[in-house]
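S.K.: Before I ask anything, here is the structure I am working with.
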Amino acid sequence: YFCSFFFPSFIISGSKIVACNDDGIFLTNDYGQHWDTVSNGFPQYNQFYSLAAIDTNYFAATYKGLYQSSGNCNYWSQINNGLPNTSYISVTVKGSLIFAGAKGKGIYLSSDNGNTWAPTNNGLPDSTSVFSFAIGDSIILARLGYGKGIYYSTDNGANWSVIENNLTSSKLNSLEINGKHIFAKIENMGVFISPDTGKTWTAVNEGFTDLRIYDLTISGQYLYAAAWNGIWKRKLSEMSGIAENKYNAHFIFYPNPATLQITIQTQDSKNKE
């Protein structure tokens with residue numbers, strides 16, 4: 001059973017995919033040929049925002065709290081120890097560390113597989129909501145909501161600093177890191193790549209039939225994109241060279257939303273279509 005192609009978040013491990021949408025959490029063990037609903041344990045009328053995993057331990061950020069499951073996700077339990085009672089918009093892992101974005105409460109960190117949690121917000125604005133994370137070998141990115149920008153940490157979340165860039169679109173989210181390259185999706189505009197920590201960005205949308213992208217993830221040699229009409233993939237090696245052909249990152253996009261054509265206007269008023 002599978003009721004929608006819309007995936008806000010998903011995790012890929014070999015032939016196994018765990019994905020969530022407005023209808024719950026779903027699992028496939030055969031590359032998406034057959035799906036099972038695995039939403040036992042969640043309260044009714046919940047919303048599912050983000051998934052993360054350490055080995056076969058899974059974490060789900062939802063409107064009604066942060067939840068944990070394991071194996072084939074047969075049952076989900078709410079995590080309460082050290083976490084505020086609020087919505088959780090994002091969750092990610094870096095090695096054995098788990099980072100959760102609590103709505104209006106900042107970032108919480110667990111180093112013991114989710115058993116205990118503590119805030120880690122030094123350098124972040126007050127009343128922060130983290131909408132998405134991205135993990136690199138030596139850096140963590142956190143995209144804050146409501147136009148508060150992108151922050152980075154090089155000490156596993158102990159301290160955070162803002163990334164200075166001129167990207168004017170507040171619709172940038174769903175970040176992923178591969179080496180020196182950052183991937184981001186911009187609402188209704190597709191996927192963009194930056195080779196210089198967010199200073200410049202280039203669209204990499206060849207092959208998509210719909211630019212309504214909701215989540216990105218890197219697995220193996222591929223970047224996967226959860227779109228309105230399914231999950232798409234593209235080799236990372238195909239995009240690394242594209243990023244060197246840069247545009248200035250101070251963009252004005254119109255019309256928004258777009259259908260068949262967009263105009264990108266840079267600071268020097270030269271248009272790319």
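Residue numbering restarts at 1 in every chain; chains get A, B, ... in the order shown in the structure tokens, and ligands count up from 1 in that same order.
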Under the rule of at most 12 Å, produce a per-residue listing of segment 47-146 of chain A near segment 25-41 of chain A: chain, number, name, the closest pair of atoms, and the distance in Å, as a Markdown table, using only C-alpha atoms.
M.R.:
```
| residue | atom | partner | partner_atom | distance |
| --- | --- | --- | --- | --- |
| A:Gln47 | CA | A:Ile25 | CA | 10.2 |
| A:Phe48 | CA | A:Ile25 | CA | 7.9 |
| A:Tyr49 | CA | A:Ile25 | CA | 10.4 |
| A:Ser50 | CA | A:Ile25 | CA | 10.4 |
| A:Leu51 | CA | A:Ile25 | CA | 9.5 |
| A:Tyr58 | CA | A:Ile25 | CA | 11.2 |
| A:Phe59 | CA | A:Ile25 | CA | 11.2 |
| A:Ala60 | CA | A:Ile25 | CA | 9.1 |
| A:Ala61 | CA | A:Ile25 | CA | 11.3 |
| A:Thr62 | CA | A:Ile25 | CA | 10.9 |
| A:Lys64 | CA | A:Gly41 | CA | 11.8 |
| A:Gly65 | CA | A:Gly41 | CA | 12.0 |
| A:Leu66 | CA | A:Gly41 | CA | 11.8 |
| A:Tyr67 | CA | A:Gly41 | CA | 8.9 |
| A:Gln68 | CA | A:Gly41 | CA | 9.8 |
| A:Ser69 | CA | A:Gly41 | CA | 9.5 |
| A:Ser70 | CA | A:Val38 | CA | 11.1 |
| A:Gly71 | CA | A:Leu27 | CA | 10.7 |
| A:Asn72 | CA | A:Leu27 | CA | 7.5 |
| A:Cys73 | CA | A:Val38 | CA | 5.9 |
| A:Asn74 | CA | A:Val38 | CA | 5.7 |
| A:Tyr75 | CA | A:Asn40 | CA | 4.9 |
| A:Trp76 | CA | A:Gly41 | CA | 4.8 |
| A:Ser77 | CA | A:Gly41 | CA | 6.1 |
| A:Gln78 | CA | A:Gly41 | CA | 8.2 |
| A:Ile79 | CA | A:Gly41 | CA | 11.9 |
```
S.K.: Per DSSP on the backbone, what are the alpha helix (DSSP H) residues of segment 27-254 of chain A, as a ChimeraX atom specification?
M.R.: /A:236-240
S.K.: Can you spit out the residues from that selection as a CSV table (one decimal), in the first residue's frame, using N, CA, C and O atoms?
M.R.:
```
chain,number,residue,atom,x,y,z
A,236,LEU,N,26.6,12.6,-8.5
A,236,LEU,CA,27.3,13.7,-8.0
A,236,LEU,C,28.4,14.2,-8.9
A,236,LEU,O,28.6,15.4,-9.0
A,237,SER,N,29.0,13.3,-9.6
A,237,SER,CA,30.1,13.7,-10.5
A,237,SER,C,29.7,14.5,-11.6
A,237,SER,O,30.4,15.3,-12.2
A,238,GLU,N,28.4,14.3,-12.0
A,238,GLU,CA,27.9,15.1,-13.1
A,238,GLU,C,27.7,16.6,-12.8
A,238,GLU,O,27.7,17.5,-13.6
A,239,MET,N,27.6,16.9,-11.5
A,239,MET,CA,27.2,18.2,-11.0
A,239,MET,C,28.4,19.0,-10.5
A,239,MET,O,28.4,20.2,-10.4
A,240,SER,N,29.5,18.3,-10.1
A,240,SER,CA,30.6,19.0,-9.5
A,240,SER,C,31.3,20.0,-10.4
A,240,SER,O,31.7,21.1,-10.0
```
S.K.: Which distance in Å separates atom CA of Trp160 of chain A and atom CA of Leu83 of chain A, to one decimal?
M.R.: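 Atom-to-atom, atom CA of Trp160 of chain A and atom CA of Leu83 of chain A are spaced 20.1 Å apart.
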S.K.: For segment 211-224 of chain A, please output as JSON, numbers by chain all residues within 10 Å (counting only C-alpha atoms; exclusion window: fewer than 6 positions along the same chain).
M.R.: {"A": [6, 7, 8, 9, 10, 11, 12, 13, 14, 50, 132, 134, 173, 174, 175, 176, 177, 178, 183, 184, 185, 186, 187, 188, 189, 190, 191, 205, 230, 231, 232, 233, 234, 235, 236, 237, 238, 239, 257, 258, 259, 260]}
S.K.: Would you put the residues from that selection into a file with N, CA and C atoms, as a tab-separated table (two decimals), in the first residue's frame?
M.R.:
```tsv
chain	number	residue	atom	x	y	z
A	6	PHE	N	4.38	12.09	-2.72
A	6	PHE	CA	4.98	13.26	-2.09
A	6	PHE	C	5.73	12.86	-0.84
A	7	PHE	N	7.08	13.03	-0.84
A	7	PHE	CA	7.93	12.68	0.29
A	7	PHE	C	8.61	13.93	0.85
A	8	PRO	N	8.22	14.45	2.00
A	8	PRO	CA	9.01	15.51	2.61
A	8	PRO	C	10.40	15.04	3.04
A	9	SER	N	10.54	13.74	3.41
A	9	SER	CA	11.83	13.25	3.88
A	9	SER	C	11.90	11.74	3.67
A	10	PHE	N	13.13	11.24	3.45
A	10	PHE	CA	13.30	9.80	3.25
A	10	PHE	C	14.73	9.41	3.58
A	11	ILE	N	14.95	8.14	3.87
A	11	ILE	CA	16.26	7.58	4.17
A	11	ILE	C	16.47	6.37	3.29
A	12	ILE	N	17.65	6.27	2.68
A	12	ILE	CA	17.96	5.15	1.80
A	12	ILE	C	19.12	4.35	2.38
A	13	SER	N	18.94	3.03	2.49
A	13	SER	CA	20.00	2.14	2.94
A	13	SER	C	19.91	0.87	2.12
A	14	GLY	N	20.71	0.80	1.03
A	14	GLY	CA	20.63	-0.33	0.13
A	14	GLY	C	19.27	-0.38	-0.53
A	50	SER	N	10.61	15.22	9.10
A	50	SER	CA	11.99	14.84	8.82
A	50	SER	C	12.31	13.50	9.44
A	132	SER	N	16.11	22.81	8.63
A	132	SER	CA	16.84	21.70	8.02
A	132	SER	C	18.31	21.77	8.41
A	134	ALA	N	22.41	20.08	7.36
A	134	ALA	CA	23.26	19.37	6.41
A	134	ALA	C	24.56	19.03	7.12
A	173	ASN	N	16.05	25.81	1.21
A	173	ASN	CA	16.07	24.86	2.33
A	173	ASN	C	16.55	23.50	1.84
A	174	SER	N	16.43	22.51	2.70
A	174	SER	CA	16.84	21.14	2.42
A	174	SER	C	18.28	21.10	1.91
A	175	LEU	N	19.23	21.26	2.81
A	175	LEU	CA	20.64	21.35	2.48
A	175	LEU	C	21.31	19.98	2.53
A	176	GLU	N	22.28	19.76	1.63
A	176	GLU	CA	23.13	18.57	1.67
A	176	GLU	C	24.56	18.99	1.32
A	177	ILE	N	25.55	18.28	1.87
A	177	ILE	CA	26.96	18.59	1.65
A	177	ILE	C	27.65	17.37	1.06
A	178	ASN	N	28.46	17.61	0.01
A	178	ASN	CA	29.33	16.57	-0.55
A	178	ASN	C	30.69	17.20	-0.82
A	183	PHE	N	24.47	21.45	-1.65
A	183	PHE	CA	23.27	21.37	-2.47
A	183	PHE	C	22.09	21.92	-1.66
A	184	ALA	N	21.21	22.63	-2.33
A	184	ALA	CA	20.02	23.16	-1.68
A	184	ALA	C	18.87	23.14	-2.68
A	185	LYS	N	17.67	23.00	-2.15
A	185	LYS	CA	16.51	23.17	-3.02
A	185	LYS	C	15.87	24.50	-2.67
A	186	ILE	N	15.38	25.18	-3.70
A	186	ILE	CA	14.64	26.42	-3.52
A	186	ILE	C	13.21	26.16	-3.96
A	187	GLU	N	12.27	26.54	-3.12
A	187	GLU	CA	10.87	26.21	-3.34
A	187	GLU	C	10.41	26.60	-4.74
A	188	ASN	N	9.89	25.62	-5.44
A	188	ASN	CA	9.38	25.77	-6.81
A	188	ASN	C	10.45	26.11	-7.84
A	189	MET	N	11.75	26.10	-7.44
A	189	MET	CA	12.83	26.46	-8.36
A	189	MET	C	13.81	25.31	-8.59
A	190	GLY	N	13.65	24.19	-7.89
A	190	GLY	CA	14.50	23.05	-8.11
A	190	GLY	C	15.72	23.01	-7.21
A	191	VAL	N	16.80	22.39	-7.73
A	191	VAL	CA	18.02	22.12	-6.96
A	191	VAL	C	19.14	23.04	-7.43
A	205	ASN	N	19.06	21.41	-12.67
A	205	ASN	CA	17.71	20.86	-12.77
A	205	ASN	C	17.47	20.02	-14.03
A	230	GLY	N	7.59	12.03	-7.37
A	230	GLY	CA	8.42	10.85	-7.15
A	230	GLY	C	9.82	11.17	-6.67
A	231	ILE	N	10.66	10.16	-6.57
A	231	ILE	CA	12.05	10.31	-6.14
A	231	ILE	C	12.95	10.23	-7.37
A	232	TRP	N	13.86	11.19	-7.49
A	232	TRP	CA	14.77	11.29	-8.62
A	232	TRP	C	16.20	11.19	-8.11
A	233	LYS	N	17.12	10.77	-8.99
A	233	LYS	CA	18.52	10.70	-8.59
A	233	LYS	C	19.41	11.19	-9.72
A	234	ARG	N	20.60	11.70	-9.36
A	234	ARG	CA	21.58	12.14	-10.34
A	234	ARG	C	22.97	11.93	-9.75
A	235	LYS	N	23.92	11.54	-10.59
A	235	LYS	CA	25.28	11.31	-10.12
A	235	LYS	C	25.92	12.61	-9.65
A	236	LEU	N	26.58	12.55	-8.50
A	236	LEU	CA	27.26	13.72	-7.96
A	236	LEU	C	28.36	14.21	-8.89
A	237	SER	N	29.03	13.28	-9.57
A	237	SER	CA	30.13	13.65	-10.45
A	237	SER	C	29.66	14.49	-11.63
A	238	GLU	N	28.41	14.34	-12.03
A	238	GLU	CA	27.88	15.12	-13.14
A	238	GLU	C	27.70	16.60	-12.77
A	239	MET	N	27.56	16.87	-11.48
A	239	MET	CA	27.24	18.23	-11.04
A	239	MET	C	28.42	19.00	-10.48
A	257	PRO	N	5.25	31.46	-7.88
A	257	PRO	CA	5.78	30.25	-8.51
A	257	PRO	C	5.84	30.34	-10.03
A	258	ALA	N	6.73	29.49	-10.61
A	258	ALA	CA	6.92	29.48	-12.06
A	258	ALA	C	6.35	28.20	-12.64
A	259	THR	N	6.14	28.21	-13.94
A	259	THR	CA	5.68	27.00	-14.62
A	259	THR	C	6.70	26.57	-15.65
A	260	LEU	N	6.69	27.18	-16.84
A	260	LEU	CA	7.60	26.75	-17.89
A	260	LEU	C	8.86	27.58	-17.96
```
S.K.: Write out as a ChimeraX atom specification each polymer residue whose atoms come within 8 Å of segment 138-142 of chain A, counting only C-alpha atoms; drop sequence neighbours fewer than 5 positions from it.
M.R.: /A:130-133,150-157,175
S.K.: What is the distance, in Å and to one decimal place, between atom CA of Ala53 of chain A and atom CA of Asp196 of chain A?
M.R.: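 Atom-to-atom, atom CA of Ala53 of chain A to atom CA of Asp196 of chain A, that is 28.1 Å.
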S.K.: Can you pull out every residue within 9 Å of Thr116 of chain A, counting only C-alpha atoms, but drop anything in the same chain fewer than 2 positions away, and send it as a ChimeraX atom specification?
M.R.: /A:79-83,109-114,118
S.K.: Do a neighbour search on segment 94-108 of chain A at 7 Å with only C-alpha atoms, toss out local chain neighbours closer than 4 positions, and write the hits as a list in words.
M.R.: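 Counting only the stated atoms, we get Thr86, Ser87, Tyr88, Ile89, Ser90, Asn113, Trp117, Ala118, Pro119, Thr120, Asn121, Ser127, Thr128, Ser129, Val130, Phe131 and Ile135 of chain A.
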